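Following: one structure in structure tokens, then a few remarks.
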Amino acid sequence: MSEAYSPADQHDGIDPDMADATETPASISEGTGVVPMNMIQALNSALAVKMTEDPNVLSFGEDTGFFGGVFRVTDQLQQKHGLTRSFDAPINESGIVGAAIGMAAYGLRPVVEIQFADYIYPAYDQIVSEAAKMRYRSGGQFSTPIVVRSPYGGGIFGGQTHSQSPESLFTHIAGLKVVVPSNPYDAKGLLTAAIEDDDPVIFFEPKRLYNGPFDGWHQKPISPWKSQPEAQVPTEKYVVPIGEAKIVREGSDVTILAWGTMVWVSLAAAEHAGVDAEVIDLRTLVPLDIATIEASVKKTGRCVIVHEAPKTSGYGAELSALVQERCFYHLEAPIGRVCGWDTPYPHAFEWEYFPGPERVATALKAVMTGGAR
Amino acid sequence: MTRNTQPLSLRVPEPSGRPGDAPDFSGLKLDVAGAVDRPPVDSRPVQMTDLAFRLVRVLDDEGNAVGPWNPRLDPDTARRGLKAMILTRAFDDRMHRAHRQGKTSFYMKCTGEEAIAVAQGMILSREDMGFPTYRQQGLLISRGYPLATMMNQIYSNAADPIKGRQLPIMYSARDFGFFTISGNLGTQLPQAVGWAMASAYKGDDKIAITWIGDGSTAESDFHSALTFASVYRAPVIINVVNNQWAISSFQGIAGGNETTFASKAIGYGLPSLRVDGNDFLAVWAATQWAEERARTNQGATLIEMFTYRGAPHSTSDDPSKYRPADEHDQWPLGDPIQRLRQHLTLIGEWDDEQHEAALKEAVEQVRAAGKESEAIGTLGQSRPSVKEMFEEVYATEDWRITEQRGEVGI
């Protein structure tokens, strides 16, 4: 199914921080303290810490063993924890998730990697019909505490099969949790929480953020993670609870709801538009932190939702409905949505497709003047 | 300009008989009992590929147990197996009638296939895990799972162990080594392999066993499972129950006319056996062989259980619409209950009186369970609390569930 797509190809000429990451092993040496990590290193640290702590945690997926994954998230785990703790799997996504379900039913806590979220569809039945339903359909006799990790999203010139954002497909399924971090600190804490969670968790990693924050200004130089406060990551275990959103920028004019790379795009857009926007990083799509959203929109009276996936039936539609249901009498403008277009992800038109700060700024100005369009 | 001078034609396979035709089993190649060698358990798969095309049989036409696969089963165990098969059939009959009486929405019989789940359920331990389809009720019955509890689920009544959430017959019984059944076909195979991998990873001594129908071998998950089982040498027994029919599609539609289902294991480097699934002793012997391989860390075995689905696919199916009416009666491998009865009678360990008594006892046991279950209620007369609808979706319910529960007023 999948074809290895090397990080160097994806970031060629785009991300100056990439050079650091390819020269530096993903794994951070043991010890205590707080060190700067990129998102790859933070995720690797979460896995390493949990695998050290709990012999029931293991990791597998395509290329994730000896090589440590095409993005190096599982780098050195096999060397540190042994061949049976972190190993390569056949190119068979349904088999990977199906085997993980069986392992979880036995009592393990497998963390599997689907190399790109675009390849998750062959595993879709195992995730939605099996993992999601196991506790319910067995009357509580079996549960499926698996984590399905997968790099997702665009901005890396990955074309149709290395750029998609399929999160809404999983938010629709009862029994699943869906988590999307936007920075190294949250990535480690949320992945740790996901591994400890007793429900199946779909953990989407915004691959455009692996090596540094990306604010959508693709023509401008990008700073690496190490210059950001969110990159200060404890080497020891900590948890960022699933189900808690974070207000990453306080504001009074409009609430922006975003996750993954779009958090950074939204922050840049607020500056660009000169609008005092409150930016909420949802961090967890299911279960959703509705209280934080509701309080913010009631305060600002306006809401813009930003996501990378196509607009139609994207998670923004659900968020828009929820805000409308709960905050209608506080709204001073129609809710705005800035999303990917309803087309397949086009290779040559990446920057026209990828929601950038200019498009978000246009939406912010529109809701400020009372009409979404 | 293409090079073909003749037009191509599309082939769609058809079974040997349709309604109105006489059953025709002349195309089957059936080894006589005792004809197939029993290789050592540590044989390499490549040394035994012929077994994927033969048919392991122990009971001959007279009821003698013959040949190298004869498990030399002690009479007490064989009698227990016979009684469990009789009980399974009696259970099926009553539940099928219960459907016709409107007491449940759905039922699926395993008529003709009883030997498979019963023998395998008796051989493996409850600590091993079975990943069944919906036609392995014999596994629960052979292990003494309460019949009334099975019925409670079939009736979705207040005592339904699955709390009204599952289709009837989709049992789940962890303590009996019975994994929760899915209606999405074949999904249980990679799960069984994963469970077996976990046991091996932990250095445990438990193995997994799983079943799939002939039709579902066309599912991707069958091939996923064989790949994983082979690559990681998972201690799992994979049964393909070839009962000839996937609802109305004969086994040729899944590829069974091109090669045997057992032979599909060869390309994965797995040992495979093709076994007379209506021969309790052959099923027993083959399962023990595969079990020993798994328990000695030699990995997985695929067993094609060659049998015939005598009953409709389900209560929603009418097989007279797609196959000769008396095809089951003409099945050349007979009936598993009659064949084991014949064997035990021949060796002086069973007689007609005992058989009649066993039938009567089975019917009474089922009737008693029926009364117990129906006293709680049949479909629509009784059901679990509606709050069960909202529970166990997640380990801890979130605000959506809480709010929606409130909308229902609970």
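By convention in this document, the chains of the structure tokens carry letters A, B, ... by their order, each chain's residues are numbered from 1, and ligands are numbered from 1 in the order they are shown.
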Might you pull out every residue within 6 Å of region 240-250 of chain A, with only C-alpha atoms counted and same-chain residues fewer than 5 positions away left off, and present them as a compact mmCIF listing (two decimals) with N, CA, C and O atoms, in the first residue's frame?
```txt
# COMPACT_ATOMS: atom_id res chain seq x y z
N GLY A 189 2.94 14.67 26.00
CA GLY A 189 1.96 14.48 27.07
C GLY A 189 0.69 13.81 26.60
O GLY A 189 0.11 12.97 27.30
N LEU A 190 0.26 14.16 25.40
CA LEU A 190 -0.97 13.55 24.87
C LEU A 190 -0.73 12.10 24.44
O LEU A 190 -1.60 11.25 24.63
N GLU A 278 -9.15 35.09 19.79
CA GLU A 278 -8.82 34.07 20.80
C GLU A 278 -8.66 32.76 20.03
O GLU A 278 -9.58 32.31 19.36
N VAL A 279 -7.46 32.18 20.12
CA VAL A 279 -7.19 30.96 19.36
C VAL A 279 -7.22 29.77 20.30
O VAL A 279 -6.48 29.72 21.29
N ILE A 280 -8.09 28.83 20.01
CA ILE A 280 -8.19 27.61 20.82
C ILE A 280 -7.61 26.44 20.04
O ILE A 280 -8.05 26.14 18.94
N ASP A 281 -6.61 25.81 20.63
CA ASP A 281 -6.06 24.57 20.09
C ASP A 281 -6.88 23.43 20.71
O ASP A 281 -6.78 23.17 21.91
N LEU A 282 -7.69 22.78 19.90
CA LEU A 282 -8.60 21.78 20.47
C LEU A 282 -7.84 20.60 21.08
O LEU A 282 -8.30 19.98 22.03
N ARG A 283 -6.71 20.24 20.51
CA ARG A 283 -5.85 19.14 20.99
C ARG A 283 -6.54 17.78 20.96
O ARG A 283 -5.94 16.78 20.60
N THR A 284 -7.78 17.71 21.40
CA THR A 284 -8.56 16.48 21.33
C THR A 284 -9.86 16.81 20.60
O THR A 284 -10.57 17.72 21.01
N PRO A 287 -12.81 13.06 23.07
CA PRO A 287 -13.93 13.90 23.50
C PRO A 287 -13.56 15.39 23.42
O PRO A 287 -12.44 15.77 23.74
N LEU A 288 -14.50 16.17 22.99
CA LEU A 288 -14.29 17.59 22.73
C LEU A 288 -14.46 18.40 24.03
O LEU A 288 -15.35 18.12 24.83
N ASP A 289 -13.61 19.38 24.17
CA ASP A 289 -13.71 20.28 25.34
C ASP A 289 -14.74 21.37 25.03
O ASP A 289 -14.39 22.50 24.71
```
At a cut-off of 7 Å, which residues of chain A touch chain B? Count only C-alpha atoms and give the answer as a PyMOL selection string. chain A and resi 84+92+94-95+98-103+105-106+126+135-141+174-175+198-199+287
Selection near Ile114 (chain A), 8 Å with only C-alpha atoms, sequence-local residues under 3 positions removed, as a list of chain:residue names: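 The neighbour list is A:Gly61, A:Glu62, A:Glu93, A:Ala117, A:Tyr119, A:Ile120, A:Val148, A:Arg149, A:Ser150, A:Pro151.
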Could the residues in this selection be written to a file with C-alpha atoms, as a PDB file, in the first residue's frame?
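again13.pdb, written as the output of this step:
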```pdb
ATOM      1  CA  GLY A  61       4.226  -0.631  11.961  1.00  0.00           C
ATOM      2  CA  GLU A  62       5.733  -0.341   8.520  1.00  0.00           C
ATOM      3  CA  GLU A  93      -2.700  -1.747   7.534  1.00  0.00           C
ATOM      4  CA  ALA A 117      -2.870   8.876   7.344  1.00  0.00           C
ATOM      5  CA  TYR A 119      -3.026   4.724   4.146  1.00  0.00           C
ATOM      6  CA  ILE A 120      -5.377   4.317   7.075  1.00  0.00           C
ATOM      7  CA  VAL A 148      -3.099   4.196  16.163  1.00  0.00           C
ATOM      8  CA  ARG A 149      -0.476   6.845  15.395  1.00  0.00           C
ATOM      9  CA  SER A 150      -0.397   8.396  11.978  1.00  0.00           C
ATOM     10  CA  PRO A 151       1.292  11.407  10.382  1.00  0.00           C
TER      11      PRO A 151
END
```
What is the CA of Pro319 (chain B)-CA of Trp245 (chain B) distance in Å, reported with one decimal? 9.5 Å
Please identify all polymer residues within 12 Å of Val254 (chain A), counting only C-alpha atoms, omitting same-chain residues fewer than 6 positions from it, and present them as a ChimeraX atom specification. /A:266,270,273-280,293,295-305,330-336,361,363-370
Can you list every residue in region 153-295 of chain A that DSSP puts in alpha helix (DSSP H), as a compact mmCIF listing (two decimals) with N, CA, C and O atoms, in the first residue's frame?
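For reference, out-v9.txt as written:
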```txt
# COMPACT_ATOMS: atom_id res chain seq x y z
N GLU A 167 -9.36 13.13 9.85
CA GLU A 167 -9.80 13.03 11.24
C GLU A 167 -11.32 12.98 11.40
O GLU A 167 -11.83 12.29 12.29
N SER A 168 -12.04 13.68 10.52
CA SER A 168 -13.49 13.72 10.74
C SER A 168 -14.12 12.33 10.59
O SER A 168 -15.13 12.03 11.22
N LEU A 169 -13.50 11.48 9.76
CA LEU A 169 -14.05 10.13 9.58
C LEU A 169 -14.07 9.37 10.90
O LEU A 169 -14.92 8.50 11.11
N PHE A 170 -13.12 9.66 11.75
CA PHE A 170 -13.02 8.92 13.01
C PHE A 170 -13.81 9.60 14.12
O PHE A 170 -14.26 8.94 15.05
N THR A 171 -13.99 10.93 14.01
CA THR A 171 -14.80 11.60 15.03
C THR A 171 -16.25 11.15 14.96
O THR A 171 -16.99 11.27 15.93
N PRO A 184 5.60 20.07 20.47
CA PRO A 184 6.30 18.95 21.10
C PRO A 184 5.83 18.64 22.52
O PRO A 184 5.66 17.47 22.89
N TYR A 185 5.61 19.67 23.33
CA TYR A 185 5.21 19.42 24.72
C TYR A 185 3.89 18.66 24.78
O TYR A 185 3.76 17.63 25.44
N ASP A 186 2.92 19.17 24.02
CA ASP A 186 1.61 18.49 24.00
C ASP A 186 1.73 17.10 23.38
O ASP A 186 1.06 16.16 23.80
N ALA A 187 2.57 16.99 22.36
CA ALA A 187 2.69 15.71 21.66
C ALA A 187 3.12 14.61 22.63
O ALA A 187 2.54 13.52 22.66
N LYS A 188 4.11 14.90 23.45
CA LYS A 188 4.57 13.87 24.39
C LYS A 188 3.50 13.60 25.45
O LYS A 188 3.19 12.45 25.74
N GLY A 189 2.94 14.67 26.00
CA GLY A 189 1.96 14.48 27.07
C GLY A 189 0.69 13.81 26.60
O GLY A 189 0.11 12.97 27.30
N LEU A 190 0.26 14.16 25.40
CA LEU A 190 -0.97 13.55 24.87
C LEU A 190 -0.73 12.10 24.44
O LEU A 190 -1.60 11.25 24.63
N LEU A 191 0.44 11.82 23.87
CA LEU A 191 0.69 10.43 23.48
C LEU A 191 0.80 9.55 24.72
O LEU A 191 0.30 8.42 24.74
N THR A 192 1.40 10.07 25.75
CA THR A 192 1.47 9.32 27.01
C THR A 192 0.06 9.04 27.53
O THR A 192 -0.26 7.91 27.93
N ALA A 193 -0.79 10.06 27.49
CA ALA A 193 -2.18 9.87 27.93
C ALA A 193 -2.89 8.86 27.05
O ALA A 193 -3.67 8.03 27.53
N ALA A 194 -2.61 8.92 25.74
CA ALA A 194 -3.28 8.00 24.80
C ALA A 194 -2.90 6.56 25.09
O ALA A 194 -3.73 5.65 25.05
N ILE A 195 -1.63 6.34 25.38
CA ILE A 195 -1.18 4.97 25.68
C ILE A 195 -1.82 4.46 26.96
O ILE A 195 -2.16 3.29 27.08
N GLU A 196 -2.02 5.36 27.90
CA GLU A 196 -2.61 4.95 29.18
C GLU A 196 -4.14 4.89 29.12
O GLU A 196 -4.77 4.38 30.06
N THR A 261 -1.51 21.76 12.57
CA THR A 261 -0.79 22.85 11.92
C THR A 261 -1.62 24.13 11.88
O THR A 261 -1.08 25.24 11.93
N MET A 262 -2.93 23.97 11.81
CA MET A 262 -3.79 25.14 11.68
C MET A 262 -3.79 26.03 12.91
O MET A 262 -4.22 27.18 12.84
N VAL A 263 -3.32 25.52 14.03
CA VAL A 263 -3.18 26.37 15.21
C VAL A 263 -2.17 27.48 14.91
O VAL A 263 -2.41 28.67 15.19
N TRP A 264 -1.06 27.11 14.29
CA TRP A 264 -0.01 28.08 13.99
C TRP A 264 -0.45 29.01 12.86
O TRP A 264 -0.15 30.20 12.87
N VAL A 265 -1.16 28.46 11.90
CA VAL A 265 -1.68 29.30 10.82
C VAL A 265 -2.66 30.33 11.40
O VAL A 265 -2.65 31.51 11.01
N SER A 266 -3.46 29.89 12.34
CA SER A 266 -4.47 30.78 12.93
C SER A 266 -3.81 31.90 13.73
O SER A 266 -4.25 33.05 13.69
N LEU A 267 -2.75 31.55 14.44
CA LEU A 267 -2.03 32.58 15.20
C LEU A 267 -1.44 33.62 14.25
O LEU A 267 -1.54 34.84 14.49
N ALA A 268 -0.87 33.14 13.15
CA ALA A 268 -0.28 34.06 12.17
C ALA A 268 -1.37 34.92 11.54
O ALA A 268 -1.17 36.12 11.29
N ALA A 269 -2.53 34.30 11.29
CA ALA A 269 -3.63 35.02 10.65
C ALA A 269 -4.16 36.14 11.54
O ALA A 269 -4.51 37.22 11.05
N ALA A 270 -4.22 35.86 12.85
CA ALA A 270 -4.70 36.88 13.77
C ALA A 270 -3.79 38.11 13.71
O ALA A 270 -4.26 39.26 13.67
N GLU A 271 -2.50 37.88 13.67
CA GLU A 271 -1.54 38.99 13.56
C GLU A 271 -1.72 39.71 12.22
O GLU A 271 -1.76 40.93 12.15
N HIS A 272 -1.83 38.90 11.18
CA HIS A 272 -1.92 39.46 9.84
C HIS A 272 -3.18 40.31 9.66
O HIS A 272 -3.15 41.38 9.03
N ALA A 273 -4.27 39.82 10.24
CA ALA A 273 -5.54 40.54 10.07
C ALA A 273 -5.67 41.70 11.04
O ALA A 273 -6.54 42.56 10.87
N ILE A 290 -15.98 21.00 25.11
CA ILE A 290 -17.04 21.92 24.69
C ILE A 290 -17.14 23.13 25.62
O ILE A 290 -17.50 24.22 25.19
N ALA A 291 -16.78 22.92 26.89
CA ALA A 291 -16.93 24.03 27.86
C ALA A 291 -16.01 25.19 27.49
O ALA A 291 -16.42 26.36 27.53
N THR A 292 -14.78 24.88 27.11
CA THR A 292 -13.83 25.94 26.75
C THR A 292 -14.31 26.68 25.50
O THR A 292 -14.23 27.92 25.40
N ILE A 293 -14.81 25.91 24.54
CA ILE A 293 -15.30 26.52 23.29
C ILE A 293 -16.49 27.44 23.57
O ILE A 293 -16.55 28.59 23.13
N GLU A 294 -17.42 26.91 24.34
CA GLU A 294 -18.65 27.65 24.62
C GLU A 294 -18.34 28.96 25.36
O GLU A 294 -18.86 30.03 25.00
N ALA A 295 -17.49 28.86 26.35
CA ALA A 295 -17.16 30.06 27.13
C ALA A 295 -16.48 31.11 26.25
O ALA A 295 -16.77 32.31 26.34
```
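Excluding region 334-342 of chain B and any residue on its chain fewer than 6 positions from it, the residues at most 7 Å away by only C-alpha atoms are Gly63, Leu82, Met85, Ile86, Gly112, Glu114, Ala115, Asn278, Asp279 and Phe280 of chain B.
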CA of Leu47 (chain A) and CA of Val97 (chain A), how far apart in Å? 17.8 Å
